[in-house]
Every structure is written in structure tokens, then in C-alpha cells.
Amino acid sequence: MGRFFYTLKQAVLQVLRNRNMALASIFAITAMLLILSIFLILVININNAAKGIQGNYDSIEVFMLDDAPKDAAQFIIDDIKTMDGVEDAYYKTKDQAMSEFKVRWGDNAYLLDSLEKNPLPNAVVVNIADLEKADGIAEKCATYKGVEDIQYYKDTVDKLLKATKFIQNTAMVLILFLIIVSIVVVSNTIKLTVFNRANEINIMKYVGATNWFIRGPFLVEGMIIGIISATISVGISAFLYSKIVDALGEQVFTVLNMPMVPLDFLVYNFVWIFLALGISIGACGSMISMRRFLEA
Amino acid sequence: MIEFRNVTKKYKSNVALENVSVKINKGDFVFLVGPSGAGKSTFIKLVLKEIDATAGTIIVRGKNITKMSARQIPKHRRGIGMVFQDFRLLPKKTVYENVAFAMEVVHQPKRTINKNVPQVLSMVGIADKAKKYPDELSAGEQQRVAIARAIINRPRLLIADEPTGNLDPDTAWEIMQLLDEINARGTTILMVTHAKDIVDKMGKRVIAIENGRIVRDEFGMYGFEEALSELDADVDTIQHKRTFRTRFKRGGRG
């Protein structure tokens, strides 16, 4: 326990003694983490939106001919449910379809009242559990008797999936790059404190201190810098995100029919991610800067 | 205490030590002399295991350190005290803290530190300077602090690398007496030096290294030839060397 406090005390002293350098690297890492958080927020929101859109599109609508008997639809439901990849299937009458329409039109729904006859067809809605199998299911649906047309959005969903994958991968590469840059920044800062204390480290080595004993304070110094940076950047990004949600939340909702990821969900997750990142960046940076020093 | 068996150390193509065999016994006081670049520093670094020998076996305090793993090095060094020409004290720590630091680093309990540091400080004769900072002390006093730090963990072996190099002759002689006293208490001392007068006056064992080989190992004097060859290596202006040589031939002291 004494050793732990010794290490912690030394680390805090080092940060305070090299205040300017510590501030410089806190600044740099905070900036890095902020850019990172922009990407993360973007990715999380895109993922969220994609999932929502996918939810809207992962069904096939099988439109029935108006004169098709009702048991034809029932036959389709019973038969298609046995297929692999189908989650559920149900009958949707033209009246139900109309009332859904009215909900979607909202304030303008009165326009639909002027229609003399409901133009919407009766339909069987097939919910798909596995989008990979959507093609086969759609083909099968088209073969049933009494079917007028089918509608599903595989292309849209595919494109959406591809786009989100691309954005995710790009963001991953950028995030990785930012992490490496942060590590280099920290390792340079700590290298300076190491140089400042070269004499001390040398003496420690001569009187027989173990490498871990010498490394400890520097490691903790890096971690402290990382923790401070993480806290600041989570604070700033939470603040900015709340402003963005205030400003754009409604528009996003109208366009995508999906709310933005809520702030508290984001903060709760970011705190842990960023603390872990900050600590590892700091620790890696100091390990790298110490490596050559402790060889002999 | 220290034994080299056919030790060779090469740096790439450069041979720093070649087939050196020597034995320093427990309780010895040994001077290691020789011109710059002769291999003295290499010798010390090998004993501390800062570097590894290219060939041969080195035994320190009964342990074969050529086969020692990196993990054991700190423990190995705890048995050796080091004193340098430039003292290497920590300027932001007081005398007391500088000495206590060597004990903290090897996890000595506070009680032991509080008991031992004043003892050692008074043994090296600077008990009254405990609260001063290094830059408030004279060079000789700073070297005493460095010696106190080197012996605080009671090493069996003390290595002094030109400990009198930055000191005036009188102070140097005081430091030598202190080292002699430490030696008399049973600590083996290996001292690298260029100070001919000190070596001559002490009359201890002298190991002379030149071009990576031991050229002389006997009790007594630094040696006239060695002093000259050292000048050859150290003094770069021929002019300087000539006047020195003439002075030597006339029987004057360098």
C-alpha cells in the first residue's frame, strides 16, 4: 500500500511540476478525443437510423386482387409462415391500410376522407427475420394465387446496409489513426519529463530500483493526463450534443421517422469508453517513452 | 568479490576489453587506472551488468552475472554502491532526502530510514548539513553526500568512478581518507582514477588497463610510463605534451 501511494504521489508531483507540458498534452488529447467523439456520435446515430429504417423495410407486402377470396390470403399466411427466415405474417385489410395512411398523413388526413372508394388493396404482410432470405421469400409470394403484386425494399435496405458499413469502416480507420496520434503525443510529453528526471532515474537504477518501480510514476502520470482529457472531452461533447439535439432533433425525426440517440445513453457509454481510451493512451504513451531508458 | 575469467567485450568492430582475467578479493582496495578509452568504464559497466560481456565469465559477490536474467539485475545492483565524479545528487532534494531516496527506492520502511540516514551522515562527517540543498554545499561536501548515499544500503562493494576528479587536492585527500575508512569497515572498494599522486600516496593495489588489456597489476605506484601514455591519449595539443614531457624529464611533478 505504501508503494501505491508513493507512486501516486510521485505521479501527481510530476504532473504539477511539468504543468505546461501536461496541459499541452491534455489539450492535444482532448482535441483528439473530441474529434473521435464526433465520429462516434455520427456512427452511433447512423447505426440507430439505419436500424430504424431497416425496421420499416424488413417486411414484404403481398397485395391481393380485390376479387380474391379471403381464404386465399389465409392460405398464403399459413404457407409462408413455414418458410425459413419468416418471422411473422398477418392479414391487413384495406381499411386497416387506410387508417395507417391517415396516421402517417397526420394533419392532412382529412384529404383522404374525400376519396369515394378506398383504393388500397387488401394485403398480407410478411415480416422477415433474415434479410438474406428475403429474395426467396418474395419470389415464393409472387407465385400464390390471387396475388396482384408484391412490394419489398431489398435494394433500399441493401444500399443502406452498405452505406452504414462503409461509414463504420471509415470511422474505425480514422479512430485508430487518432488513437495512434494521441499515443505519440503523450509519449513525447512523458519523454520530456523522463529527460527532466534522467539523473534521478539513473540513480534509481544504480541503487537497484526495479524497472517497474521506476516506471510506475510515469505510467500513472500518463494515466492521469488521459483521465483528465477523457473527462473534459466527454463533458464538451455531451454539451455540444445536447445543443445539436435541441437544434436538429425534430428535423431528424421528421426526415427519418427516428429520434436521435438520447443524450444520457450517449454520455453513459462515452464516459466508460473515453476513460478506458484515455487511460490506455496515457499508459501506452509512457511505456513507449520509457522503453529505451530502461534497457540497461 | 569480483572475478573476470577471460572476459572480452566488443562494440561492433571495436574491442574494449580483450581476454581479461583478474580477481579482486573481499576487503580489497583497488585502483583501476589507465588512459581514456582503455576500457576502465567498460570494466565497471560489466561489473554493474549495464552491458553484457561478449565472451568470458564474470563473477560478482559469488554469483555468475553473465548468466543473470534481467529481472535479477536490480537486486544485483543493491549490493554495489556507486560514486561518480560529478556527484549526481538530486538538486531539488535536501541532503537528508538524497540519502533517504536510495533507501525508499529499495522499499525500506520509514523507521529504518529515519534511523540509518543520520548515522551514515555523521559517519561521512556532514550530519550538520542534513537540511541543506546540494547547491549550498562545497564540492567535497557534495561528494560526501554521494558517498553516504552509496553506502546507506550497506553494499559489500563500492565502485567510485573518479570520485576526486572535481575536487581540489586537499578535499580529494579527505575523500580518500573517508573511502579508506569505509574500506577498513569491510567494504571492498574499486576506484577508477587518473590522480597519480593519490594512487602513489595510498599505496594500494593498482590494476592498469591499456587498449583493453591489463598491463600491470601490483601494489604501489601509479607508474611513470602509465602517466606518460595517459598524457598521450588525453592531451590533444602536442605543444602541451612537449612541455609536460620536458618537465617530467627534469624531475618536476605534473
# chains A, B, ... in the order shown; residues from 1 in each chain; ligands from 1

call {"tool": "interface_residues", "arguments": {"of": "chain A", "to": "chain B", "cutoff": "8 Å", "atoms": "only C-alpha atoms", "output": "VMD selection string"}}
result
chain A and resid 3 199 to 200 203 to 211 213 296

call {"tool": "write_last_selection", "arguments": {"atoms": "C-alpha atoms", "output": "PDB file, in the first residue's frame"}}
result
ATOM      1  CA  ARG A   3       4.299   1.737  -2.590  1.00  0.00           C
ATOM      2  CA  ASN A 199      19.517  11.885 -13.365  1.00  0.00           C
ATOM      3  CA  GLU A 200      17.057  10.596 -10.842  1.00  0.00           C
ATOM      4  CA  ILE A 203      20.470   6.950  -9.618  1.00  0.00           C
ATOM      5  CA  MET A 204      17.434   4.773  -9.047  1.00  0.00           C
ATOM      6  CA  LYS A 205      18.910   2.220 -11.395  1.00  0.00           C
ATOM      7  CA  TYR A 206      22.286   2.315  -9.674  1.00  0.00           C
ATOM      8  CA  VAL A 207      20.863   1.800  -6.227  1.00  0.00           C
ATOM      9  CA  GLY A 208      18.878  -1.137  -7.544  1.00  0.00           C
ATOM     10  CA  ALA A 209      15.320   0.049  -8.104  1.00  0.00           C
ATOM     11  CA  THR A 210      13.316  -2.353 -10.223  1.00  0.00           C
ATOM     12  CA  ASN A 211      12.174  -1.201 -13.638  1.00  0.00           C
ATOM     13  CA  PHE A 213       9.265   0.820  -9.580  1.00  0.00           C
ATOM     14  CA  ALA A 296      20.197  -1.472 -19.382  1.00  0.00           C
TER      15      ALA A 296
END

call {"tool": "residues_around", "arguments": {"residues": "Gln54 (chain A)", "least_positions_apart": "2", "cutoff": "10 Å", "atoms": "only C-alpha atoms", "output": "PDB file with N, CA and C atoms, in the first residue's frame"}}
result
ATOM      1  N   ASN A  48     -28.191   3.821 -35.578  1.00  0.00           N
ATOM      2  CA  ASN A  48     -29.517   3.873 -34.995  1.00  0.00           C
ATOM      3  C   ASN A  48     -30.567   4.114 -36.078  1.00  0.00           C
ATOM      4  N   ALA A  49     -30.269   5.108 -36.935  1.00  0.00           N
ATOM      5  CA  ALA A  49     -31.204   5.435 -38.006  1.00  0.00           C
ATOM      6  C   ALA A  49     -31.354   4.250 -38.952  1.00  0.00           C
ATOM      7  N   ALA A  50     -30.220   3.631 -39.267  1.00  0.00           N
ATOM      8  CA  ALA A  50     -30.257   2.500 -40.191  1.00  0.00           C
ATOM      9  C   ALA A  50     -31.121   1.374 -39.640  1.00  0.00           C
ATOM     10  N   LYS A  51     -30.951   1.136 -38.339  1.00  0.00           N
ATOM     11  CA  LYS A  51     -31.733   0.081 -37.722  1.00  0.00           C
ATOM     12  C   LYS A  51     -33.227   0.404 -37.810  1.00  0.00           C
ATOM     13  N   GLY A  52     -33.549   1.670 -37.570  1.00  0.00           N
ATOM     14  CA  GLY A  52     -34.933   2.095 -37.625  1.00  0.00           C
ATOM     15  C   GLY A  52     -35.506   1.935 -39.022  1.00  0.00           C
ATOM     16  N   ASN A  56     -38.459  -0.497 -40.737  1.00  0.00           N
ATOM     17  CA  ASN A  56     -39.595  -0.117 -41.588  1.00  0.00           C
ATOM     18  C   ASN A  56     -39.651  -0.948 -42.854  1.00  0.00           C
ATOM     19  N   TYR A  57     -38.498  -1.414 -43.260  1.00  0.00           N
ATOM     20  CA  TYR A  57     -38.437  -2.034 -44.581  1.00  0.00           C
ATOM     21  C   TYR A  57     -38.265  -3.549 -44.571  1.00  0.00           C
ATOM     22  N   ASP A  58     -38.227  -4.129 -43.401  1.00  0.00           N
ATOM     23  CA  ASP A  58     -37.944  -5.564 -43.417  1.00  0.00           C
ATOM     24  C   ASP A  58     -39.214  -6.404 -43.531  1.00  0.00           C
ATOM     25  N   SER A  59     -40.172  -5.847 -44.246  1.00  0.00           N
ATOM     26  CA  SER A  59     -41.363  -6.660 -44.478  1.00  0.00           C
ATOM     27  C   SER A  59     -41.705  -6.644 -45.973  1.00  0.00           C
ATOM     28  N   LEU A 131     -32.832 -10.973 -43.488  1.00  0.00           N
ATOM     29  CA  LEU A 131     -32.894 -10.244 -44.757  1.00  0.00           C
ATOM     30  C   LEU A 131     -32.207 -10.990 -45.898  1.00  0.00           C
ATOM     31  N   TYR A 153     -38.414  -3.863 -50.144  1.00  0.00           N
ATOM     32  CA  TYR A 153     -37.409  -2.823 -50.356  1.00  0.00           C
ATOM     33  C   TYR A 153     -35.994  -3.364 -50.204  1.00  0.00           C
ATOM     34  N   LYS A 154     -35.745  -4.512 -50.814  1.00  0.00           N
ATOM     35  CA  LYS A 154     -34.442  -5.131 -50.605  1.00  0.00           C
ATOM     36  C   LYS A 154     -33.317  -4.219 -51.069  1.00  0.00           C
ATOM     37  N   THR A 156     -33.219  -0.999 -51.336  1.00  0.00           N
ATOM     38  CA  THR A 156     -33.032   0.119 -50.414  1.00  0.00           C
ATOM     39  C   THR A 156     -32.283  -0.345 -49.164  1.00  0.00           C
ATOM     40  N   VAL A 157     -32.751  -1.470 -48.630  1.00  0.00           N
ATOM     41  CA  VAL A 157     -32.125  -1.980 -47.410  1.00  0.00           C
ATOM     42  C   VAL A 157     -30.663  -2.335 -47.678  1.00  0.00           C
ATOM     43  N   ASP A 158     -30.414  -2.955 -48.829  1.00  0.00           N
ATOM     44  CA  ASP A 158     -29.037  -3.315 -49.182  1.00  0.00           C
ATOM     45  C   ASP A 158     -28.147  -2.094 -49.245  1.00  0.00           C
ATOM     46  N   LEU A 160     -28.615   0.754 -47.929  1.00  0.00           N
ATOM     47  CA  LEU A 160     -28.476   1.333 -46.599  1.00  0.00           C
ATOM     48  C   LEU A 160     -27.422   0.579 -45.788  1.00  0.00           C
ATOM     49  N   LEU A 161     -27.497  -0.757 -45.851  1.00  0.00           N
ATOM     50  CA  LEU A 161     -26.539  -1.572 -45.106  1.00  0.00           C
ATOM     51  C   LEU A 161     -25.128  -1.298 -45.586  1.00  0.00           C
TER      52      LEU A 161
END

call {"tool": "residues_around", "arguments": {"residues": "Asn18 (chain A)", "least_positions_apart": "4", "cutoff": "12 Å", "atoms": "only C-alpha atoms", "output": "PyMOL selection string"}}
result
chain A and resi 11-14+22-26+189-197+221+225

call {"tool": "select_by_dssp", "arguments": {"residues": "region 71-247 of chain B", "states": "strand (DSSP E)", "output": "VMD selection string"}}
result
chain B and resid 80 to 84 157 to 161 188 to 192 205 to 210 213 to 219

call {"tool": "write_last_selection", "arguments": {"atoms": "C-alpha atoms", "output": "mmCIF file, in the first residue's frame"}}
result
data_model
loop_
_atom_site.group_PDB
_atom_site.id
_atom_site.type_symbol
_atom_site.label_atom_id
_atom_site.label_comp_id
_atom_site.auth_asym_id
_atom_site.auth_seq_id
_atom_site.Cartn_x
_atom_site.Cartn_y
_atom_site.Cartn_z
ATOM 1 C CA ILE B 80 27.026 -2.392 -5.115
ATOM 2 C CA GLY B 81 27.408 1.276 -4.178
ATOM 3 C CA MET B 82 28.272 3.801 -6.876
ATOM 4 C CA VAL B 83 30.074 7.128 -6.531
ATOM 5 C CA PHE B 84 30.644 9.412 -9.517
ATOM 6 C CA LEU B 157 31.251 -3.435 -2.864
ATOM 7 C CA LEU B 158 31.735 0.257 -3.562
ATOM 8 C CA ILE B 159 32.679 1.449 -7.028
ATOM 9 C CA ALA B 160 33.987 5.003 -7.275
ATOM 10 C CA ASP B 161 34.386 6.451 -10.749
ATOM 11 C CA THR B 188 35.562 -3.735 -0.973
ATOM 12 C CA ILE B 189 36.433 -0.643 -2.981
ATOM 13 C CA LEU B 190 37.144 -0.363 -6.693
ATOM 14 C CA MET B 191 38.175 3.130 -7.669
ATOM 15 C CA VAL B 192 38.807 4.421 -11.157
ATOM 16 C CA ARG B 205 46.729 -2.421 -5.310
ATOM 17 C CA VAL B 206 46.808 -0.871 -8.809
ATOM 18 C CA ILE B 207 45.347 -2.508 -11.917
ATOM 19 C CA ALA B 208 46.390 -0.698 -15.072
ATOM 20 C CA ILE B 209 44.394 -1.191 -18.246
ATOM 21 C CA GLU B 210 45.561 -0.156 -21.662
ATOM 22 C CA ARG B 213 44.266 -5.403 -21.646
ATOM 23 C CA ILE B 214 45.567 -5.468 -18.124
ATOM 24 C CA VAL B 215 49.150 -4.301 -18.439
ATOM 25 C CA ARG B 216 50.046 -4.152 -14.771
ATOM 26 C CA ASP B 217 48.595 -5.448 -11.515
ATOM 27 C CA GLU B 218 50.675 -4.744 -8.430
ATOM 28 C CA PHE B 219 50.777 -2.905 -5.149
#

call {"tool": "residues_around", "arguments": {"residues": "region 178-184 of chain B", "least_positions_apart": "4", "cutoff": "8 Å", "atoms": "only C-alpha atoms", "output": "NGL selection string"}}
result
:B and (27-29 or 124 or 174 or 188-189)

call {"tool": "write_last_selection", "arguments": {"atoms": "C-alpha atoms", "output": "PDB file, in the first residue's frame"}}
result
ATOM      1  CA  GLY B  27      38.013  -6.298   1.503  1.00  0.00           C
ATOM      2  CA  ASP B  28      40.459  -5.155  -1.186  1.00  0.00           C
ATOM      3  CA  PHE B  29      41.015  -1.529  -2.067  1.00  0.00           C
ATOM      4  CA  VAL B 124      30.760  10.769   6.454  1.00  0.00           C
ATOM      5  CA  GLU B 174      39.853  13.967   2.718  1.00  0.00           C
ATOM      6  CA  THR B 188      35.562  -3.735  -0.973  1.00  0.00           C
ATOM      7  CA  ILE B 189      36.433  -0.643  -2.981  1.00  0.00           C
TER       8      ILE B 189
END

call {"tool": "atom_distance", "arguments": {"atom1": "CA of Leu275 (chain A)", "atom2": "CA of Ala171 (chain A)"}}
result
19.4 Å

call {"tool": "select_by_dssp", "arguments": {"residues": "region 58-228 of chain B", "states": "alpha helix (DSSP H)", "output": "NGL selection string"}}
result
:B and (73-78 or 95-104 or 110-123 or 139-151 or 169-184 or 196-202 or 224-228)

call {"tool": "residues_around", "arguments": {"residues": "Val255 (chain A)", "least_positions_apart": "6", "cutoff": "12 Å", "atoms": "only C-alpha atoms", "output": "MDAnalysis selection string"}}
result
chainID A and resid 49 53 248:249

call {"tool": "residues_around", "arguments": {"residues": "region 139-145 of chain A", "least_positions_apart": "3", "cutoff": "9 Å", "atoms": "only C-alpha atoms", "output": "PyMOL selection string"}}
result
chain A and resi 60+62+64+68+72-73+75-76+80+134-136+148-150

call {"tool": "residues_around", "arguments": {"residues": "Asn19 (chain B)", "least_positions_apart": "6", "cutoff": "6 Å", "atoms": "only C-alpha atoms", "output": "MDAnalysis selection string"}}
result
chainID B and resid 6:8

call {"tool": "write_last_selection", "arguments": {"atoms": "C-alpha atoms", "output": "mmCIF file, in the first residue's frame"}}
result
data_model
loop_
_atom_site.group_PDB
_atom_site.id
_atom_site.type_symbol
_atom_site.label_atom_id
_atom_site.label_comp_id
_atom_site.auth_asym_id
_atom_site.auth_seq_id
_atom_site.Cartn_x
_atom_site.Cartn_y
_atom_site.Cartn_z
ATOM 1 C CA ASN B 6 38.861 -14.443 -19.968
ATOM 2 C CA VAL B 7 36.411 -11.608 -20.456
ATOM 3 C CA THR B 8 36.181 -9.965 -23.853
#

call {"tool": "closest_residue", "arguments": {"among": "B:Ala16, B:Val120, B:Met176, B:Ala130", "to": "Arg154 (chain B)", "atoms": "only C-alpha atoms"}}
result
B:Val120

call {"tool": "atom_distance", "arguments": {"atom1": "CA of Leu263 (chain A)", "atom2": "CA of Gln168 (chain A)"}}
result
20.5 Å

call {"tool": "closest_residue", "arguments": {"among": "B:Thr57, B:Asn14, B:Thr94, B:Asn114", "to": "Ala38 (chain B)", "atoms": "only C-alpha atoms"}}
result
B:Asn14

call {"tool": "decode", "arguments": {"residues": "region 129-152 of chain B", "atoms": "N, CA and C atoms", "output": "tab-separated table (two decimals), in the first residue's frame"}}
result
chain	number	residue	atom	x	y	z
B	129	LYS	N	24.69	19.14	7.98
B	129	LYS	CA	24.23	19.69	6.69
B	129	LYS	C	22.96	19.01	6.19
B	130	ALA	N	22.31	18.19	7.02
B	130	ALA	CA	21.21	17.34	6.58
B	130	ALA	C	20.10	18.11	5.87
B	131	LYS	N	19.82	19.34	6.33
B	131	LYS	CA	18.68	20.06	5.77
B	131	LYS	C	19.06	20.97	4.62
B	132	LYS	N	20.36	20.98	4.25
B	132	LYS	CA	20.80	21.85	3.16
B	132	LYS	C	20.50	21.19	1.81
B	133	TYR	N	20.49	22.03	0.78
B	133	TYR	CA	20.36	21.52	-0.58
B	133	TYR	C	21.75	21.40	-1.19
B	134	PRO	N	21.92	20.51	-2.16
B	134	PRO	CA	23.26	20.28	-2.71
B	134	PRO	C	23.98	21.55	-3.15
B	135	ASP	N	23.25	22.51	-3.76
B	135	ASP	CA	23.97	23.69	-4.25
B	135	ASP	C	24.42	24.63	-3.13
B	136	GLU	N	24.04	24.30	-1.89
B	136	GLU	CA	24.53	25.10	-0.76
B	136	GLU	C	25.80	24.49	-0.16
B	137	LEU	N	26.25	23.39	-0.74
B	137	LEU	CA	27.41	22.68	-0.19
B	137	LEU	C	28.63	22.87	-1.06
B	138	SER	N	29.80	22.66	-0.46
B	138	SER	CA	31.03	22.68	-1.24
B	138	SER	C	31.13	21.35	-2.01
B	139	ALA	N	32.05	21.33	-2.99
B	139	ALA	CA	32.20	20.12	-3.80
B	139	ALA	C	32.52	18.90	-2.94
B	140	GLY	N	33.42	19.11	-1.97
B	140	GLY	CA	33.81	18.00	-1.11
B	140	GLY	C	32.63	17.48	-0.30
B	141	GLU	N	31.81	18.42	0.19
B	141	GLU	CA	30.64	18.01	0.97
B	141	GLU	C	29.64	17.27	0.10
B	142	GLN	N	29.50	17.75	-1.14
B	142	GLN	CA	28.57	17.06	-2.04
B	142	GLN	C	29.03	15.62	-2.28
B	143	GLN	N	30.34	15.45	-2.43
B	143	GLN	CA	30.83	14.10	-2.66
B	143	GLN	C	30.61	13.23	-1.41
B	144	ARG	N	30.67	13.85	-0.25
B	144	ARG	CA	30.38	13.08	0.97
B	144	ARG	C	28.92	12.61	0.98
B	145	VAL	N	28.03	13.49	0.52
B	145	VAL	CA	26.62	13.08	0.43
B	145	VAL	C	26.49	11.90	-0.53
B	146	ALA	N	27.18	12.01	-1.66
B	146	ALA	CA	27.11	10.95	-2.66
B	146	ALA	C	27.63	9.64	-2.08
B	147	ILE	N	28.68	9.73	-1.28
B	147	ILE	CA	29.23	8.52	-0.66
B	147	ILE	C	28.24	7.96	0.37
B	148	ALA	N	27.64	8.87	1.13
B	148	ALA	CA	26.63	8.43	2.10
B	148	ALA	C	25.51	7.68	1.39
B	149	ARG	N	25.08	8.22	0.26
B	149	ARG	CA	24.01	7.56	-0.49
B	149	ARG	C	24.46	6.20	-1.00
B	150	ALA	N	25.73	6.13	-1.40
B	150	ALA	CA	26.24	4.87	-1.96
B	150	ALA	C	26.32	3.78	-0.90
B	151	ILE	N	26.57	4.17	0.37
B	151	ILE	CA	26.78	3.12	1.37
B	151	ILE	C	25.57	2.91	2.27
B	152	ILE	N	24.53	3.71	2.07
B	152	ILE	CA	23.39	3.66	3.00
B	152	ILE	C	22.73	2.26	3.02
